[in-house]
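What follows is the content of input14.txt, which has compact mmCIF, N, CA, C and O atoms:
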```txt
# COMPACT_ATOMS: atom_id res chain seq x y z
N MET A 1 149.80 94.04 79.83
CA MET A 1 149.61 94.40 81.21
C MET A 1 150.69 95.40 81.60
O MET A 1 151.85 95.23 81.26
N ARG A 2 150.30 96.40 82.34
CA ARG A 2 151.24 97.43 82.78
C ARG A 2 151.84 97.06 84.13
O ARG A 2 151.26 96.29 84.89
N MET A 3 152.97 97.66 84.44
CA MET A 3 153.63 97.42 85.72
C MET A 3 152.73 97.81 86.88
O MET A 3 152.68 97.11 87.89
N SER A 4 152.01 98.91 86.76
CA SER A 4 151.13 99.35 87.85
C SER A 4 150.02 98.33 88.10
O SER A 4 149.60 98.15 89.24
N GLU A 5 149.55 97.65 87.07
CA GLU A 5 148.53 96.61 87.23
C GLU A 5 149.13 95.36 87.87
O GLU A 5 148.51 94.73 88.71
N LEU A 6 150.35 95.04 87.50
CA LEU A 6 151.02 93.85 88.03
C LEU A 6 151.34 94.01 89.52
O LEU A 6 151.31 93.04 90.27
N LYS A 7 151.58 95.23 89.97
CA LYS A 7 151.88 95.47 91.39
C LYS A 7 150.70 95.19 92.30
O LYS A 7 150.87 95.03 93.49
N ARG A 8 149.51 95.13 91.77
CA ARG A 8 148.32 94.81 92.56
C ARG A 8 148.10 93.31 92.69
O ARG A 8 147.15 92.87 93.33
N HIS A 9 148.94 92.51 92.06
CA HIS A 9 148.79 91.06 92.08
C HIS A 9 149.54 90.45 93.26
O HIS A 9 150.71 90.77 93.50
N GLU A 10 148.87 89.56 93.97
CA GLU A 10 149.51 88.84 95.06
C GLU A 10 150.25 87.63 94.48
O GLU A 10 149.77 86.99 93.55
N VAL A 11 151.43 87.33 95.03
CA VAL A 11 152.24 86.22 94.56
C VAL A 11 152.10 85.05 95.52
O VAL A 11 152.27 85.21 96.73
N ILE A 12 151.77 83.87 94.98
CA ILE A 12 151.58 82.66 95.78
C ILE A 12 152.48 81.56 95.23
O ILE A 12 152.53 81.33 94.03
N ASN A 13 153.18 80.89 96.15
CA ASN A 13 154.06 79.79 95.80
C ASN A 13 153.22 78.51 95.70
O ASN A 13 152.58 78.11 96.66
N VAL A 14 153.25 77.84 94.54
CA VAL A 14 152.46 76.63 94.35
C VAL A 14 153.08 75.42 95.05
O VAL A 14 152.40 74.43 95.27
N CYS A 15 154.35 75.50 95.42
CA CYS A 15 155.01 74.37 96.09
C CYS A 15 154.47 74.14 97.50
O CYS A 15 154.26 73.01 97.91
N ASP A 16 154.24 75.23 98.25
CA ASP A 16 153.77 75.10 99.62
C ASP A 16 152.53 75.96 99.90
O ASP A 16 152.11 76.10 101.04
N CYS A 17 151.94 76.54 98.87
CA CYS A 17 150.72 77.37 98.97
C CYS A 17 150.90 78.56 99.90
O CYS A 17 149.94 79.04 100.51
N ARG A 18 152.12 79.08 100.00
CA ARG A 18 152.40 80.21 100.89
C ARG A 18 152.23 81.52 100.12
O ARG A 18 152.63 81.63 98.96
N ARG A 19 151.67 82.51 100.80
CA ARG A 19 151.54 83.85 100.23
C ARG A 19 152.87 84.57 100.44
O ARG A 19 153.34 84.70 101.56
N LEU A 20 153.45 85.06 99.36
CA LEU A 20 154.76 85.70 99.43
C LEU A 20 154.66 87.22 99.54
O LEU A 20 155.59 87.86 100.00
N GLY A 21 153.57 87.79 99.10
CA GLY A 21 153.40 89.24 99.11
C GLY A 21 152.92 89.71 97.75
O GLY A 21 152.37 88.95 96.97
N PHE A 22 153.18 90.97 97.48
CA PHE A 22 152.77 91.58 96.21
C PHE A 22 153.99 91.92 95.38
O PHE A 22 155.07 92.19 95.92
N VAL A 23 153.83 91.93 94.07
CA VAL A 23 154.92 92.28 93.16
C VAL A 23 155.41 93.68 93.49
O VAL A 23 154.61 94.62 93.57
N GLY A 24 156.72 93.82 93.69
CA GLY A 24 157.28 95.13 94.03
C GLY A 24 158.05 95.75 92.89
O GLY A 24 158.06 96.97 92.72
N ASP A 25 158.69 94.91 92.07
CA ASP A 25 159.55 95.44 91.01
C ASP A 25 159.78 94.35 89.98
O ASP A 25 159.48 93.18 90.20
N LEU A 26 160.34 94.75 88.85
CA LEU A 26 160.72 93.83 87.78
C LEU A 26 162.19 94.03 87.46
O LEU A 26 162.70 95.15 87.56
N GLU A 27 162.87 92.94 87.08
CA GLU A 27 164.24 93.05 86.59
C GLU A 27 164.22 92.78 85.09
O GLU A 27 163.64 91.80 84.64
N PHE A 28 164.84 93.70 84.33
CA PHE A 28 164.87 93.61 82.88
C PHE A 28 166.27 93.31 82.39
O PHE A 28 167.26 93.69 83.01
N ASP A 29 166.37 92.67 81.22
CA ASP A 29 167.63 92.52 80.52
C ASP A 29 167.80 93.79 79.69
O ASP A 29 166.97 94.08 78.81
N PRO A 30 168.84 94.59 79.95
CA PRO A 30 168.98 95.86 79.24
C PRO A 30 169.23 95.71 77.74
O PRO A 30 168.90 96.60 76.96
N CYS A 31 169.77 94.59 77.33
CA CYS A 31 170.06 94.40 75.90
C CYS A 31 168.80 94.03 75.10
O CYS A 31 168.59 94.54 74.01
N THR A 32 167.99 93.13 75.66
CA THR A 32 166.83 92.64 74.93
C THR A 32 165.52 93.32 75.35
O THR A 32 164.54 93.27 74.61
N GLY A 33 165.49 93.90 76.55
CA GLY A 33 164.27 94.52 77.04
C GLY A 33 163.28 93.52 77.62
O GLY A 33 162.16 93.87 77.96
N GLN A 34 163.68 92.24 77.72
CA GLN A 34 162.80 91.22 78.26
C GLN A 34 162.84 91.20 79.79
O GLN A 34 163.86 91.53 80.40
N ILE A 35 161.74 90.79 80.39
CA ILE A 35 161.67 90.66 81.84
C ILE A 35 162.47 89.43 82.25
O ILE A 35 162.25 88.33 81.75
N LYS A 36 163.41 89.62 83.19
CA LYS A 36 164.21 88.51 83.70
C LYS A 36 163.61 87.91 84.96
O LYS A 36 163.67 86.70 85.16
N ALA A 37 163.03 88.76 85.84
CA ALA A 37 162.51 88.28 87.11
C ALA A 37 161.53 89.28 87.69
O ALA A 37 161.54 90.45 87.33
N ILE A 38 160.69 88.78 88.61
CA ILE A 38 159.87 89.68 89.41
C ILE A 38 160.45 89.69 90.83
O ILE A 38 161.02 88.70 91.29
N VAL A 39 160.33 90.82 91.49
CA VAL A 39 160.86 90.98 92.85
C VAL A 39 159.68 91.23 93.79
O VAL A 39 158.86 92.10 93.54
N VAL A 40 159.63 90.42 94.85
CA VAL A 40 158.58 90.55 95.86
C VAL A 40 159.26 90.92 97.17
O VAL A 40 160.05 90.12 97.70
N PRO A 41 159.01 92.12 97.70
CA PRO A 41 159.62 92.50 98.97
C PRO A 41 159.16 91.58 100.09
O PRO A 41 158.01 91.14 100.11
N GLY A 42 160.08 91.27 101.01
CA GLY A 42 159.74 90.43 102.15
C GLY A 42 158.96 91.23 103.19
O GLY A 42 158.72 92.41 103.02
N PRO A 43 158.58 90.56 104.28
CA PRO A 43 157.84 91.25 105.33
C PRO A 43 158.69 92.32 106.01
O PRO A 43 159.91 92.18 106.10
N GLY A 44 158.07 93.39 106.46
CA GLY A 44 158.79 94.46 107.14
C GLY A 44 159.26 94.04 108.52
O GLY A 44 158.73 93.12 109.12
N CYS A 45 160.26 94.72 109.02
CA CYS A 45 160.79 94.45 110.36
C CYS A 45 160.23 95.49 111.33
O CYS A 45 160.23 96.68 111.02
N ILE A 46 159.80 95.09 112.48
CA ILE A 46 159.31 95.97 113.54
C ILE A 46 158.30 96.99 112.97
O ILE A 46 158.60 98.16 112.82
N CYS A 47 157.16 96.50 112.62
CA CYS A 47 156.06 97.33 112.11
C CYS A 47 156.45 98.12 110.85
O CYS A 47 156.01 99.25 110.66
N GLY A 48 157.29 97.56 110.02
CA GLY A 48 157.68 98.23 108.79
C GLY A 48 158.87 99.16 108.91
O GLY A 48 159.36 99.68 107.93
N PHE A 49 159.33 99.41 110.14
CA PHE A 49 160.50 100.27 110.34
C PHE A 49 161.77 99.45 110.14
O PHE A 49 161.78 98.24 110.14
N LEU A 50 162.87 100.12 109.98
CA LEU A 50 164.19 99.50 109.83
C LEU A 50 164.31 98.62 108.60
O LEU A 50 165.02 97.64 108.60
N GLY A 51 163.60 98.94 107.55
CA GLY A 51 163.75 98.24 106.30
C GLY A 51 162.99 96.92 106.25
O GLY A 51 162.13 96.64 107.05
N ARG A 52 163.38 96.11 105.32
CA ARG A 52 162.73 94.82 105.11
C ARG A 52 163.74 93.71 105.35
O ARG A 52 164.93 93.89 105.21
N GLU A 53 163.21 92.54 105.71
CA GLU A 53 164.08 91.39 105.97
C GLU A 53 164.78 90.93 104.69
O GLU A 53 165.94 91.16 104.49
N LYS A 54 164.05 90.29 103.83
CA LYS A 54 164.59 89.74 102.60
C LYS A 54 163.59 89.97 101.49
O LYS A 54 162.44 90.32 101.74
N GLU A 55 164.02 89.75 100.29
CA GLU A 55 163.11 89.86 99.16
C GLU A 55 163.22 88.60 98.33
O GLU A 55 164.23 87.91 98.35
N TYR A 56 162.16 88.29 97.63
CA TYR A 56 162.13 87.14 96.74
C TYR A 56 162.41 87.63 95.33
O TYR A 56 161.75 88.54 94.86
N VAL A 57 163.38 87.02 94.68
CA VAL A 57 163.66 87.31 93.27
C VAL A 57 163.28 86.05 92.51
O VAL A 57 163.93 85.01 92.62
N ILE A 58 162.20 86.14 91.76
CA ILE A 58 161.63 84.98 91.10
C ILE A 58 161.88 85.08 89.60
O ILE A 58 161.35 85.97 88.94
N PRO A 59 162.72 84.18 89.06
CA PRO A 59 162.98 84.20 87.62
C PRO A 59 161.69 84.06 86.82
O PRO A 59 160.75 83.37 87.24
N PHE A 60 161.65 84.71 85.68
CA PHE A 60 160.43 84.72 84.86
C PHE A 60 160.01 83.30 84.48
O PHE A 60 158.83 83.01 84.37
N GLY A 61 160.96 82.40 84.32
CA GLY A 61 160.65 81.01 83.97
C GLY A 61 159.94 80.26 85.09
O GLY A 61 159.35 79.20 84.85
N ASN A 62 159.99 80.76 86.31
CA ASN A 62 159.34 80.10 87.45
C ASN A 62 157.90 80.57 87.65
O ASN A 62 157.24 80.11 88.56
N ILE A 63 157.43 81.48 86.83
CA ILE A 63 156.04 81.93 86.91
C ILE A 63 155.18 80.89 86.21
O ILE A 63 155.37 80.60 85.03
N CYS A 64 154.24 80.33 86.96
CA CYS A 64 153.34 79.31 86.40
C CYS A 64 152.16 79.93 85.68
O CYS A 64 151.79 79.49 84.60
N ARG A 65 151.59 80.95 86.30
CA ARG A 65 150.39 81.57 85.72
C ARG A 65 150.19 82.96 86.29
O ARG A 65 150.40 83.18 87.48
N ILE A 66 149.76 83.88 85.44
CA ILE A 66 149.38 85.22 85.88
C ILE A 66 147.88 85.34 85.67
O ILE A 66 147.39 85.30 84.54
N GLY A 67 147.15 85.46 86.78
CA GLY A 67 145.70 85.56 86.73
C GLY A 67 145.23 86.99 86.85
O GLY A 67 146.02 87.94 86.73
N ASP A 68 143.93 87.15 87.11
CA ASP A 68 143.35 88.49 87.23
C ASP A 68 143.81 89.21 88.48
O ASP A 68 143.92 90.44 88.50
N ASP A 69 144.10 88.45 89.56
CA ASP A 69 144.50 89.09 90.82
C ASP A 69 145.64 88.40 91.53
O ASP A 69 146.10 88.87 92.57
N ILE A 70 146.14 87.27 91.01
CA ILE A 70 147.27 86.58 91.64
C ILE A 70 148.28 86.13 90.59
O ILE A 70 147.97 86.01 89.41
N VAL A 71 149.50 85.90 91.06
CA VAL A 71 150.56 85.33 90.23
C VAL A 71 150.99 84.05 90.93
O VAL A 71 151.39 84.08 92.10
N LEU A 72 150.89 82.92 90.24
CA LEU A 72 151.32 81.65 90.80
C LEU A 72 152.75 81.37 90.35
O LEU A 72 153.06 81.45 89.16
N VAL A 73 153.61 81.06 91.32
CA VAL A 73 155.02 80.81 91.02
C VAL A 73 155.47 79.51 91.66
O VAL A 73 154.87 79.03 92.62
N LYS A 74 156.52 78.94 91.11
CA LYS A 74 157.17 77.76 91.69
C LYS A 74 158.50 78.26 92.23
O LYS A 74 159.41 78.58 91.47
N LEU A 75 158.59 78.36 93.56
CA LEU A 75 159.72 79.01 94.20
C LEU A 75 160.46 78.06 95.11
O LEU A 75 159.87 77.43 95.98
N GLU A 76 161.76 77.98 94.93
CA GLU A 76 162.65 77.27 95.84
C GLU A 76 163.22 78.28 96.80
O GLU A 76 163.38 79.44 96.47
N GLU A 77 163.57 77.89 98.01
CA GLU A 77 164.10 78.81 99.02
C GLU A 77 165.39 79.51 98.60
O GLU A 77 165.67 80.59 99.03
N LYS A 78 166.16 78.91 97.70
CA LYS A 78 167.44 79.50 97.31
C LYS A 78 167.29 80.78 96.49
O LYS A 78 168.25 81.50 96.29
N THR A 79 166.07 81.10 96.03
CA THR A 79 165.87 82.32 95.23
C THR A 79 165.64 83.54 96.10
O THR A 79 165.38 84.61 95.60
N ARG A 80 165.74 83.36 97.40
CA ARG A 80 165.53 84.48 98.34
C ARG A 80 166.83 85.28 98.47
O ARG A 80 167.90 84.72 98.59
N ARG A 81 166.72 86.59 98.44
CA ARG A 81 167.89 87.45 98.51
C ARG A 81 167.79 88.28 99.78
O ARG A 81 166.75 88.75 100.17
N GLY A 82 168.93 88.47 100.44
CA GLY A 82 168.85 89.31 101.63
C GLY A 82 170.06 89.41 102.43
O GLY A 82 171.13 89.13 102.40
```

Show me this structure written as structure tokens.
Amino acid sequence: MRMSELKRHEVINVCDCRRLGFVGDLEFDPCTGQIKAIVVPGPGCICGFLGREKEYVIPFGNICRIGDDIVLVKLEEKTRRG
């Protein structure tokens, strides 16, 4: 799967069935080239102006399943960055 295809996937938390958004970026380990985490941008502030509130950084181990159009993750609130 390519990064451009993964960006079209919506991310859903299986703990509370909340929609987190769409995949925005990936974090890689520069030494091994493996994916460390997916990054989901948080909701925009004031109609998308003035940047974004927070983003979700979800470790690759917390991904439960990658489907045709969604990514199911197990997310604790402490993985939020902002």

Can you list, as a PDB file with N, CA, C and O atoms, in the coordinates of the input, every protein, DNA or RNA residue that comes within 6 Å of region 27-42 of chain A when you count only N, CA, C and O atoms, leaving out same-chain residues fewer than 3 positions away?
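Result file part.pdb:
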```pdb
ATOM      1  N   LEU A  20     153.450  85.060  99.360  1.00  0.00           N
ATOM      2  CA  LEU A  20     154.760  85.700  99.430  1.00  0.00           C
ATOM      3  C   LEU A  20     154.660  87.220  99.540  1.00  0.00           C
ATOM      4  O   LEU A  20     155.590  87.860 100.000  1.00  0.00           O
ATOM      5  N   GLY A  21     153.570  87.790  99.100  1.00  0.00           N
ATOM      6  CA  GLY A  21     153.400  89.240  99.110  1.00  0.00           C
ATOM      7  C   GLY A  21     152.920  89.710  97.750  1.00  0.00           C
ATOM      8  O   GLY A  21     152.370  88.950  96.970  1.00  0.00           O
ATOM      9  N   PHE A  22     153.180  90.970  97.480  1.00  0.00           N
ATOM     10  CA  PHE A  22     152.770  91.580  96.210  1.00  0.00           C
ATOM     11  C   PHE A  22     153.990  91.920  95.380  1.00  0.00           C
ATOM     12  O   PHE A  22     155.070  92.190  95.920  1.00  0.00           O
ATOM     13  N   VAL A  23     153.830  91.930  94.070  1.00  0.00           N
ATOM     14  CA  VAL A  23     154.920  92.280  93.160  1.00  0.00           C
ATOM     15  C   VAL A  23     155.410  93.680  93.490  1.00  0.00           C
ATOM     16  O   VAL A  23     154.610  94.620  93.570  1.00  0.00           O
ATOM     17  N   GLY A  24     156.720  93.820  93.690  1.00  0.00           N
ATOM     18  CA  GLY A  24     157.280  95.130  94.030  1.00  0.00           C
ATOM     19  C   GLY A  24     158.050  95.750  92.890  1.00  0.00           C
ATOM     20  O   GLY A  24     158.060  96.970  92.720  1.00  0.00           O
ATOM     21  N   ARG A  52     163.380  96.110 105.320  1.00  0.00           N
ATOM     22  CA  ARG A  52     162.730  94.820 105.110  1.00  0.00           C
ATOM     23  C   ARG A  52     163.740  93.710 105.350  1.00  0.00           C
ATOM     24  O   ARG A  52     164.930  93.890 105.210  1.00  0.00           O
ATOM     25  N   GLU A  53     163.210  92.540 105.710  1.00  0.00           N
ATOM     26  CA  GLU A  53     164.080  91.390 105.970  1.00  0.00           C
ATOM     27  C   GLU A  53     164.780  90.930 104.690  1.00  0.00           C
ATOM     28  O   GLU A  53     165.940  91.160 104.490  1.00  0.00           O
ATOM     29  N   LYS A  54     164.050  90.290 103.830  1.00  0.00           N
ATOM     30  CA  LYS A  54     164.590  89.740 102.600  1.00  0.00           C
ATOM     31  C   LYS A  54     163.590  89.970 101.490  1.00  0.00           C
ATOM     32  O   LYS A  54     162.440  90.320 101.740  1.00  0.00           O
ATOM     33  N   GLU A  55     164.020  89.750 100.290  1.00  0.00           N
ATOM     34  CA  GLU A  55     163.110  89.860  99.160  1.00  0.00           C
ATOM     35  C   GLU A  55     163.220  88.600  98.330  1.00  0.00           C
ATOM     36  O   GLU A  55     164.230  87.910  98.350  1.00  0.00           O
ATOM     37  N   TYR A  56     162.160  88.290  97.630  1.00  0.00           N
ATOM     38  CA  TYR A  56     162.130  87.140  96.740  1.00  0.00           C
ATOM     39  C   TYR A  56     162.410  87.630  95.330  1.00  0.00           C
ATOM     40  O   TYR A  56     161.750  88.540  94.860  1.00  0.00           O
ATOM     41  N   VAL A  57     163.380  87.020  94.680  1.00  0.00           N
ATOM     42  CA  VAL A  57     163.660  87.310  93.270  1.00  0.00           C
ATOM     43  C   VAL A  57     163.280  86.050  92.510  1.00  0.00           C
ATOM     44  O   VAL A  57     163.930  85.010  92.620  1.00  0.00           O
ATOM     45  N   ILE A  58     162.200  86.140  91.760  1.00  0.00           N
ATOM     46  CA  ILE A  58     161.630  84.980  91.100  1.00  0.00           C
ATOM     47  C   ILE A  58     161.880  85.080  89.600  1.00  0.00           C
ATOM     48  O   ILE A  58     161.350  85.970  88.940  1.00  0.00           O
ATOM     49  N   PRO A  59     162.720  84.180  89.060  1.00  0.00           N
ATOM     50  CA  PRO A  59     162.980  84.200  87.620  1.00  0.00           C
ATOM     51  C   PRO A  59     161.690  84.060  86.820  1.00  0.00           C
ATOM     52  O   PRO A  59     160.750  83.370  87.240  1.00  0.00           O
ATOM     53  N   PHE A  60     161.650  84.710  85.680  1.00  0.00           N
ATOM     54  CA  PHE A  60     160.430  84.720  84.860  1.00  0.00           C
ATOM     55  C   PHE A  60     160.010  83.300  84.480  1.00  0.00           C
ATOM     56  O   PHE A  60     158.830  83.010  84.370  1.00  0.00           O
ATOM     57  N   GLY A  61     160.960  82.400  84.320  1.00  0.00           N
ATOM     58  CA  GLY A  61     160.650  81.010  83.970  1.00  0.00           C
ATOM     59  C   GLY A  61     159.940  80.260  85.090  1.00  0.00           C
ATOM     60  O   GLY A  61     159.350  79.200  84.850  1.00  0.00           O
TER      61      GLY A  61
END
```

Let me have the centre and edge lengths of the axis-aligned box enclosing all listed atoms of region 58-62 of chain A with 6 Å padding on every side, in Å to one decimal, as lines of an AutoDock Vina configuration file.
```
center_x = 160.1
center_y = 82.7
center_z = 87.9
size_x = 17.7
size_y = 18.9
size_z = 19.8
```

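Here CA of Asn62 (chain A) and CA of Met3 (chain A) stand 18.3 Å from one another.
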
| At a cut-off of 7 Å from (157.8, 79.4, 93.3) in the coordinates of the file, what residues are picked up using all atoms listed in the file, written as a list in words? |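 With a cut-off of 7 Å, the residues come to Ile12, Asn13, Val14, Cys15, Asn62, Ile63, Leu72, Val73, Lys74, Leu75 and Glu76 of chain A.
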
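Here CA of Asp68 (chain A) and CA of Ser4 (chain A) stand 13.4 Å from one another.
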
| message | Just the number, please: distance in Å from CA of Gly67 (chain A) to CA of Lys7 (chain A), one decimal. | response |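 Pair CA of Gly67 (chain A) / CA of Lys7 (chain A) returns 12.6 Å.
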
| Skipping near chain neighbours, those fewer than 5 positions away, what residues fall within 5 Å of Val71 (chain A) using all atoms listed in the file, listed as a PyMOL selection string? | chain A and resi 10-12+65-66

| Can you list, as a PyMOL selection string, every residue of region 1-80 of chain A that DSSP puts in alpha helix (DSSP H)? | chain A and resi 3-6

Can you fill out region 13-23 of chain A with all heavy atoms and hand it back as a JSON list (two decimals), in the frame of the given file?
```
[["chain", "number", "residue", "atom", "x", "y", "z"],
["A", 13, "ASN", "N", 153.18, 80.89, 96.15],
["A", 13, "ASN", "CA", 154.06, 79.79, 95.80],
["A", 13, "ASN", "C", 153.22, 78.51, 95.70],
["A", 13, "ASN", "O", 152.58, 78.11, 96.66],
["A", 13, "ASN", "CB", 155.15, 79.64, 96.87],
["A", 13, "ASN", "CG", 156.19, 78.62, 96.49],
["A", 13, "ASN", "OD1", 156.16, 78.03, 95.42],
["A", 13, "ASN", "ND2", 157.13, 78.41, 97.38],
["A", 14, "VAL", "N", 153.25, 77.84, 94.54],
["A", 14, "VAL", "CA", 152.46, 76.63, 94.35],
["A", 14, "VAL", "C", 153.08, 75.42, 95.05],
["A", 14, "VAL", "O", 152.40, 74.43, 95.27],
["A", 14, "VAL", "CB", 152.22, 76.32, 92.85],
["A", 14, "VAL", "CG1", 151.41, 77.41, 92.19],
["A", 14, "VAL", "CG2", 153.52, 76.08, 92.11],
["A", 15, "CYS", "N", 154.35, 75.50, 95.42],
["A", 15, "CYS", "CA", 155.01, 74.37, 96.09],
["A", 15, "CYS", "C", 154.47, 74.14, 97.50],
["A", 15, "CYS", "O", 154.26, 73.01, 97.91],
["A", 15, "CYS", "CB", 156.52, 74.59, 96.16],
["A", 15, "CYS", "SG", 157.32, 74.58, 94.55],
["A", 16, "ASP", "N", 154.24, 75.23, 98.25],
["A", 16, "ASP", "CA", 153.77, 75.10, 99.62],
["A", 16, "ASP", "C", 152.53, 75.96, 99.90],
["A", 16, "ASP", "O", 152.11, 76.10, 101.04],
["A", 16, "ASP", "CB", 154.86, 75.44, 100.62],
["A", 16, "ASP", "CG", 155.43, 76.84, 100.44],
["A", 16, "ASP", "OD1", 154.90, 77.60, 99.60],
["A", 16, "ASP", "OD2", 156.41, 77.16, 101.12],
["A", 17, "CYS", "N", 151.94, 76.54, 98.87],
["A", 17, "CYS", "CA", 150.72, 77.37, 98.97],
["A", 17, "CYS", "C", 150.90, 78.56, 99.90],
["A", 17, "CYS", "O", 149.94, 79.04, 100.51],
["A", 17, "CYS", "CB", 149.52, 76.53, 99.40],
["A", 17, "CYS", "SG", 149.15, 75.22, 98.24],
["A", 18, "ARG", "N", 152.12, 79.08, 100.00],
["A", 18, "ARG", "CA", 152.40, 80.21, 100.89],
["A", 18, "ARG", "C", 152.23, 81.52, 100.12],
["A", 18, "ARG", "O", 152.63, 81.63, 98.96],
["A", 18, "ARG", "CB", 153.83, 80.09, 101.41],
["A", 18, "ARG", "CG", 154.15, 81.06, 102.51],
["A", 18, "ARG", "CD", 155.51, 80.78, 103.06],
["A", 18, "ARG", "NE", 156.45, 80.74, 101.92],
["A", 18, "ARG", "CZ", 157.72, 80.47, 102.03],
["A", 18, "ARG", "NH1", 158.24, 80.18, 103.19],
["A", 18, "ARG", "NH2", 158.50, 80.48, 100.98],
["A", 19, "ARG", "N", 151.67, 82.51, 100.80],
["A", 19, "ARG", "CA", 151.54, 83.85, 100.23],
["A", 19, "ARG", "C", 152.87, 84.57, 100.44],
["A", 19, "ARG", "O", 153.34, 84.70, 101.56],
["A", 19, "ARG", "CB", 150.43, 84.60, 100.94],
["A", 19, "ARG", "CG", 149.10, 83.92, 100.80],
["A", 19, "ARG", "CD", 148.13, 84.49, 101.78],
["A", 19, "ARG", "NE", 147.13, 85.24, 101.06],
["A", 19, "ARG", "CZ", 146.15, 85.88, 101.63],
["A", 19, "ARG", "NH1", 146.02, 85.90, 102.93],
["A", 19, "ARG", "NH2", 145.28, 86.52, 100.90],
["A", 20, "LEU", "N", 153.45, 85.06, 99.36],
["A", 20, "LEU", "CA", 154.76, 85.70, 99.43],
["A", 20, "LEU", "C", 154.66, 87.22, 99.54],
["A", 20, "LEU", "O", 155.59, 87.86, 100.00],
["A", 20, "LEU", "CB", 155.60, 85.32, 98.21],
["A", 20, "LEU", "CG", 155.80, 83.82, 98.01],
["A", 20, "LEU", "CD1", 156.58, 83.58, 96.72],
["A", 20, "LEU", "CD2", 156.50, 83.19, 99.19],
["A", 21, "GLY", "N", 153.57, 87.79, 99.10],
["A", 21, "GLY", "CA", 153.40, 89.24, 99.11],
["A", 21, "GLY", "C", 152.92, 89.71, 97.75],
["A", 21, "GLY", "O", 152.37, 88.95, 96.97],
["A", 22, "PHE", "N", 153.18, 90.97, 97.48],
["A", 22, "PHE", "CA", 152.77, 91.58, 96.21],
["A", 22, "PHE", "C", 153.99, 91.92, 95.38],
["A", 22, "PHE", "O", 155.07, 92.19, 95.92],
["A", 22, "PHE", "CB", 151.93, 92.83, 96.48],
["A", 22, "PHE", "CG", 150.58, 92.52, 97.05],
["A", 22, "PHE", "CD1", 150.42, 92.36, 98.42],
["A", 22, "PHE", "CD2", 149.49, 92.37, 96.22],
["A", 22, "PHE", "CE1", 149.18, 92.06, 98.95],
["A", 22, "PHE", "CE2", 148.24, 92.07, 96.74],
["A", 22, "PHE", "CZ", 148.09, 91.91, 98.11],
["A", 23, "VAL", "N", 153.83, 91.93, 94.07],
["A", 23, "VAL", "CA", 154.92, 92.28, 93.16],
["A", 23, "VAL", "C", 155.41, 93.68, 93.49],
["A", 23, "VAL", "O", 154.61, 94.62, 93.57],
["A", 23, "VAL", "CB", 154.46, 92.20, 91.69],
["A", 23, "VAL", "CG1", 155.57, 92.64, 90.75],
["A", 23, "VAL", "CG2", 153.98, 90.80, 91.35]]
```
